[in-house]
>>> print(open('upload-v1.pdb').read())   # PDB, C-alpha atoms
ATOM      1  CA  MET A   1       0.000   0.000   0.000
ATOM      2  CA  THR A   2       1.347   3.419  -0.974
ATOM      3  CA  ALA A   3       1.808   5.855   1.887
ATOM      4  CA  ILE A   4       1.086   9.534   1.300
ATOM      5  CA  LYS A   5       4.636  10.386   2.334
ATOM      6  CA  ASP A   6       5.926   8.112  -0.445
ATOM      7  CA  LEU A   7       4.150   9.992  -3.237
ATOM      8  CA  HIS A   8       6.430  11.809  -5.695
ATOM      9  CA  GLU A   9       6.220  15.604  -5.257
ATOM     10  CA  GLU A  10       3.933  16.007  -8.294
ATOM     11  CA  LYS A  11       1.583  13.340  -7.046
ATOM     12  CA  LEU A  12       1.662  14.805  -3.546
ATOM     13  CA  PHE A  13       0.603  18.120  -5.106
ATOM     14  CA  LEU A  14      -2.390  16.414  -6.763
ATOM     15  CA  TYR A  15      -3.269  14.657  -3.510
ATOM     16  CA  THR A  16      -3.103  17.980  -1.633
ATOM     17  CA  MET A  17      -5.286  19.820  -4.156
ATOM     18  CA  VAL A  18      -7.970  17.127  -3.951
ATOM     19  CA  ARG A  19      -7.867  17.184  -0.147
ATOM     20  CA  LEU A  20      -8.013  20.995  -0.120
ATOM     21  CA  TYR A  21     -10.791  21.501  -2.697
ATOM     22  CA  LYS A  22     -12.782  18.364  -1.735
ATOM     23  CA  PRO A  23     -14.245  17.794  -5.210
ATOM     24  CA  GLU A  24     -17.103  15.377  -5.666
ATOM     25  CA  THR A  25     -16.267  14.897  -9.338
ATOM     26  CA  VAL A  26     -12.756  14.722 -10.792
ATOM     27  CA  VAL A  27     -11.761  14.019 -14.373
ATOM     28  CA  GLU A  28      -8.267  13.038 -15.382
ATOM     29  CA  VAL A  29      -7.559  12.964 -19.116
ATOM     30  CA  GLY A  30      -4.376  11.043 -19.848
ATOM     31  CA  VAL A  31      -4.156   8.272 -17.256
ATOM     32  CA  SER A  32      -1.318   6.179 -18.694
ATOM     33  CA  GLN A  33      -0.109   3.840 -15.925
ATOM     34  CA  GLY A  34      -2.278   5.461 -13.259
ATOM     35  CA  LYS A  35       0.253   7.157 -10.976
ATOM     36  CA  SER A  36      -1.618  10.484 -10.923
ATOM     37  CA  ALA A  37      -4.934   8.644 -10.694
ATOM     38  CA  LEU A  38      -3.581   6.842  -7.623
ATOM     39  CA  ALA A  39      -2.822  10.133  -5.852
ATOM     40  CA  ILE A  40      -6.237  11.552  -6.753
ATOM     41  CA  ALA A  41      -8.055   8.370  -5.665
ATOM     42  CA  MET A  42      -6.133   8.261  -2.372
ATOM     43  CA  ALA A  43      -7.261  11.826  -1.660
ATOM     44  CA  LEU A  44     -10.857  11.007  -2.597
ATOM     45  CA  ARG A  45     -10.717   8.051  -0.197
ATOM     46  CA  ASP A  46      -9.360  10.278   2.588
ATOM     47  CA  ASN A  47     -11.961  12.979   1.861
ATOM     48  CA  HIS A  48     -14.661  10.323   2.154
ATOM     49  CA  GLN A  49     -13.310   8.652   5.296
ATOM     50  CA  LYS A  50     -12.179  11.754   7.186
ATOM     51  CA  ASP A  51     -14.521  14.490   5.950
ATOM     52  CA  LYS A  52     -17.534  12.472   4.740
ATOM     53  CA  VAL A  53     -17.227  14.021   1.257
ATOM     54  CA  PRO A  54     -17.957  11.394  -1.396
ATOM     55  CA  GLY A  55     -16.003  11.662  -4.616
ATOM     56  CA  ARG A  56     -15.434   9.896  -7.942
ATOM     57  CA  LEU A  57     -12.585  10.042 -10.405
ATOM     58  CA  LYS A  58     -13.358   9.559 -14.083
ATOM     59  CA  ALA A  59     -10.037   8.281 -15.434
ATOM     60  CA  VAL A  60     -10.147   8.917 -19.183
ATOM     61  CA  ASP A  61      -7.639   7.540 -21.673
ATOM     62  CA  ASP A  62      -7.902   5.788 -25.007
ATOM     63  CA  TRP A  63      -4.866   3.641 -24.165
ATOM     64  CA  SER A  64      -4.061   3.508 -27.891
ATOM     65  CA  ARG A  65      -0.441   4.607 -27.619
ATOM     66  CA  ALA A  66       2.399   2.911 -25.821
ATOM     67  CA  HIS A  67       2.390   3.832 -22.148
ATOM     68  CA  GLY A  68       5.502   2.304 -20.684
ATOM     69  CA  GLY A  69       5.354  -0.510 -23.228
ATOM     70  CA  LYS A  70       1.743  -1.370 -22.372
ATOM     71  CA  ALA A  71      -0.111  -0.134 -25.457
ATOM     72  CA  GLY A  72      -3.841  -0.630 -25.548
ATOM     73  CA  SER A  73      -4.323  -1.647 -21.923
ATOM     74  CA  LYS A  74      -5.701   0.046 -18.824
ATOM     75  CA  LYS A  75      -4.696  -2.995 -16.783
ATOM     76  CA  PRO A  76      -1.498  -1.465 -15.250
ATOM     77  CA  ALA A  77      -3.472   1.565 -14.010
ATOM     78  CA  PHE A  78      -6.323  -0.569 -12.687
ATOM     79  CA  GLU A  79      -3.933  -2.962 -10.924
ATOM     80  CA  LEU A  80      -2.062  -0.055  -9.291
ATOM     81  CA  LEU A  81      -5.312   1.365  -7.904
ATOM     82  CA  ARG A  82      -6.654  -2.048  -6.920
ATOM     83  CA  LYS A  83      -3.455  -2.849  -5.028
ATOM     84  CA  ASP A  84      -3.890   0.326  -2.988
ATOM     85  CA  ASP A  85      -7.593  -0.394  -2.444
ATOM     86  CA  VAL A  86      -8.753   2.843  -4.081
ATOM     87  CA  ALA A  87     -10.104   1.466  -7.383
ATOM     88  CA  ARG A  88     -13.628   1.721  -5.950
ATOM     89  CA  TYR A  89     -13.364   5.521  -6.237
ATOM     90  CA  VAL A  90     -12.484   5.372  -9.958
ATOM     91  CA  ASP A  91     -14.446   4.885 -13.158
ATOM     92  CA  PHE A  92     -12.149   3.924 -16.050
ATOM     93  CA  ILE A  93     -13.390   5.384 -19.316
ATOM     94  CA  SER A  94     -11.900   4.404 -22.660
ATOM     95  CA  SER A  95     -12.281   7.537 -24.760
ATOM     96  CA  ASP A  96     -10.406  10.151 -26.679
ATOM     97  CA  SER A  97      -9.852  13.152 -24.377
ATOM     98  CA  GLN A  98     -11.591  15.596 -26.725
ATOM     99  CA  ALA A  99     -14.624  13.399 -27.274
ATOM    100  CA  PHE A 100     -15.044  13.038 -23.526
ATOM    101  CA  LEU A 101     -14.356  16.672 -22.556
ATOM    102  CA  ARG A 102     -16.664  18.066 -25.249
ATOM    103  CA  GLY A 103     -19.462  15.914 -23.862
ATOM    104  CA  LEU A 104     -19.268  17.580 -20.458
ATOM    105  CA  GLY A 105     -21.607  20.409 -19.552
ATOM    106  CA  THR A 106     -20.312  23.884 -18.753
ATOM    107  CA  HIS A 107     -19.086  24.069 -15.151
ATOM    108  CA  SER A 108     -20.203  20.464 -14.598
ATOM    109  CA  ILE A 109     -17.020  18.938 -13.099
ATOM    110  CA  ASP A 110     -15.369  20.123  -9.888
ATOM    111  CA  MET A 111     -11.759  19.372 -10.874
ATOM    112  CA  ILE A 112     -10.015  18.408 -14.122
ATOM    113  CA  HIS A 113      -6.416  17.188 -14.459
ATOM    114  CA  VAL A 114      -5.094  17.569 -18.035
ATOM    115  CA  ASP A 115      -2.198  15.249 -18.926
ATOM    116  CA  ALA A 116      -3.168  13.639 -22.233
ATOM    117  CA  ASP A 117      -1.786  14.230 -25.728
ATOM    118  CA  HIS A 118       1.137  16.664 -25.445
ATOM    119  CA  SER A 119       0.972  18.049 -28.980
ATOM    120  CA  LEU A 120       0.289  21.771 -29.345
ATOM    121  CA  GLU A 121      -3.164  21.250 -30.836
ATOM    122  CA  MET A 122      -4.358  18.710 -28.298
ATOM    123  CA  ALA A 123      -2.863  20.385 -25.216
ATOM    124  CA  TYR A 124      -4.602  23.587 -26.283
ATOM    125  CA  ALA A 125      -7.911  21.865 -27.046
ATOM    126  CA  ASP A 126      -7.912  19.768 -23.851
ATOM    127  CA  THR A 127      -7.082  22.781 -21.659
ATOM    128  CA  PHE A 128      -9.700  24.940 -23.381
ATOM    129  CA  GLU A 129     -12.397  22.285 -22.864
ATOM    130  CA  ALA A 130     -11.284  21.732 -19.250
ATOM    131  CA  MET A 131     -11.597  25.457 -18.551
ATOM    132  CA  ARG A 132     -15.136  25.376 -19.937
ATOM    133  CA  ALA A 133     -16.207  22.300 -17.980
ATOM    134  CA  ALA A 134     -14.547  22.873 -14.579
ATOM    135  CA  LYS A 135     -16.308  24.456 -11.601
ATOM    136  CA  LYS A 136     -13.438  24.683  -9.098
ATOM    137  CA  LEU A 137     -10.045  23.612 -10.387
ATOM    138  CA  VAL A 138      -8.064  22.893 -13.562
ATOM    139  CA  LEU A 139      -4.599  21.327 -13.306
ATOM    140  CA  VAL A 140      -2.387  21.283 -16.396
ATOM    141  CA  HIS A 141       0.692  19.056 -16.301
ATOM    142  CA  ASP A 142       4.013  19.200 -18.201
ATOM    143  CA  THR A 143       3.898  22.921 -18.962
ATOM    144  CA  THR A 144       7.623  23.609 -18.818
ATOM    145  CA  ASN A 145       9.339  20.404 -19.842
ATOM    146  CA  LEU A 146       7.344  19.854 -23.035
ATOM    147  CA  PRO A 147       7.628  22.838 -25.422
ATOM    148  CA  LYS A 148       4.349  22.182 -27.250
ATOM    149  CA  VAL A 149       2.393  22.174 -23.976
ATOM    150  CA  THR A 150       4.156  25.406 -22.986
ATOM    151  CA  GLU A 151       3.198  26.934 -26.325
ATOM    152  CA  ALA A 152      -0.420  25.852 -25.867
ATOM    153  CA  MET A 153      -0.534  27.560 -22.452
ATOM    154  CA  VAL A 154       0.852  30.773 -23.949
ATOM    155  CA  LEU A 155      -1.803  30.686 -26.690
ATOM    156  CA  ILE A 156      -4.562  30.206 -24.126
ATOM    157  CA  ASN A 157      -3.047  32.939 -21.981
ATOM    158  CA  ASN A 158      -3.058  35.355 -24.908
ATOM    159  CA  GLN A 159      -6.739  34.717 -25.551
ATOM    160  CA  MET A 160      -7.797  34.823 -21.873
ATOM    161  CA  PHE A 161     -10.877  32.622 -22.101
ATOM    162  CA  PRO A 162     -13.437  33.118 -19.342
ATOM    163  CA  CYS A 163     -13.172  30.412 -16.717
ATOM    164  CA  SER A 164     -14.856  29.972 -13.356
ATOM    165  CA  ALA A 165     -12.230  27.559 -12.002
ATOM    166  CA  ASN A 166      -8.841  28.199 -10.452
ATOM    167  CA  ILE A 167      -6.033  27.128 -12.770
ATOM    168  CA  PHE A 168      -2.897  25.426 -11.524
ATOM    169  CA  ILE A 169      -0.162  24.829 -14.063
ATOM    170  CA  THR A 170       2.002  21.924 -12.977
ATOM    171  CA  PRO A 171       5.335  21.469 -14.720
ATOM    172  CA  MET A 172       7.528  18.436 -14.099
ATOM    173  CA  ARG A 173       9.505  19.956 -11.214
ATOM    174  CA  GLY A 174       7.724  22.693  -9.304
ATOM    175  CA  TYR A 175       4.377  24.435  -9.616
ATOM    176  CA  TRP A 176       2.928  27.744 -10.562
ATOM    177  CA  ILE A 177      -0.311  28.489  -8.820
ATOM    178  CA  GLY A 178      -2.881  31.007  -9.903
ATOM    179  CA  SER A 179      -6.486  31.893 -10.457
ATOM    180  CA  PRO A 180      -7.978  32.740 -13.847
ATOM    181  CA  SER A 181      -6.899  36.360 -13.410
ATOM    182  CA  ALA A 182      -3.350  35.257 -12.572
ATOM    183  CA  PHE A 183      -3.226  32.742 -15.436
ATOM    184  CA  ASN A 184      -1.525  35.362 -17.601
ATOM    185  CA  VAL A 185       1.452  35.592 -15.247
ATOM    186  CA  ALA A 186       1.656  31.828 -14.633
ATOM    187  CA  ALA A 187       1.679  30.944 -18.323
ATOM    188  CA  SER A 188       4.287  33.614 -19.033
ATOM    189  CA  ILE A 189       6.551  32.290 -16.295
ATOM    190  CA  GLY A 190       6.023  28.727 -17.484
ATOM    191  CA  ALA A 191       6.998  29.759 -21.005
ATOM    192  CA  GLY A 192      10.114  31.557 -19.787
ATOM    193  CA  ILE A 193       8.776  34.889 -21.051
TER
END
>>> encode(input="upload-v1.pdb", output="structure tokens")
Amino acid sequence: MTAIKDLHEEKLFLYTMVRLYKPETVVEVGVSQGKSALAIAMALRDNHQKDKVPGRLKAVDDWSRAHGGKAGSKKPAFELLRKDDVARYVDFISSDSQAFLRGLGTHSIDMIHVDADHSLEMAYADTFEAMRAAKKLVLVHDTTNLPKVTEAMVLINNQMFPCSANIFITPMRGYWIGSPSAFNVAASIGAGI
């Protein structure tokens, strides 16, 4: 069983945000092997047990590309969550991130973690749709170590879409934290501008 203290700093950040915001609905697009999903599910479990706040994670991935040599399978992610006894808080959904996100209503999901396709077009589209659908919190991963994701954040920053959720941009090592009004500064810092 994974202890909270053993979570990698990025996963500890996710765990902390879920504990702090206490979302009832979380979507993660881009699950891969399930390490982020594990942190989110652990926090949902603790929110339920300690604070009586029920929560569900919708773990969305099409599993069509190689994720650690395991192309086409959600089994590694499911097994990781099952081993830690948190799979009961997770619904695995096999879907393209855009198809799923576009199907969500405006401000219908408490928290969305974006970590799917890291191309410019898809990072932009996924973040845009997450901003539309989220009520409380949007987390965007890999904003400084992957240039196309950085570029997508700068494009979104330059257009300043309306968003009711707080936006947290999470690069590989370290975090920039902001609200929609501070998104401009966070994206600029993340892009090295």
>>> resolve_selection(input="upload-v1.pdb", expression="the PyMOL selection byres ((chain A and resi 86-103) around 7)", output="list in words")
Val29, Ala41, Met42, Arg45, Gly55, Arg56, Leu57, Lys58, Ala59, Val60, Asp61, Asp62, Phe78, Leu81, Arg82, Asp84, Asp85, Leu104, Gly105, Asp126, Glu129 and Ala130 of chain A
>>> residues_near_point(input="upload-v1.pdb", point="(-11.1, 20.5, -3.9)", cutoff="10 Å", atoms="all atoms listed in the file", output="JSON, numbers by chain")
{"A": [15, 16, 17, 18, 19, 20, 21, 22, 23, 24, 25, 26, 43, 44, 47, 110, 111, 136, 137]}
>>> resolve_selection(input="upload-v1.pdb", expression="the PyMOL selection byres ((chain A and resi 117) around 12)", output="ChimeraX atom specification")
/A:29-32,60-65,67,96-98,114-116,118-127,140-142,146,148-149,152
>>> atom_distance(input="upload-v1.pdb", atom1="atom CA of A:Lys5", atom2="atom CA of A:Ser73")
28.5 Å
>>> residues_around(input="upload-v1.pdb", residues="A:His107", least_positions_apart="3", cutoff="6 Å", atoms="only C-alpha atoms", output="list in words")
Ala133, Ala134 and Lys135 of chain A
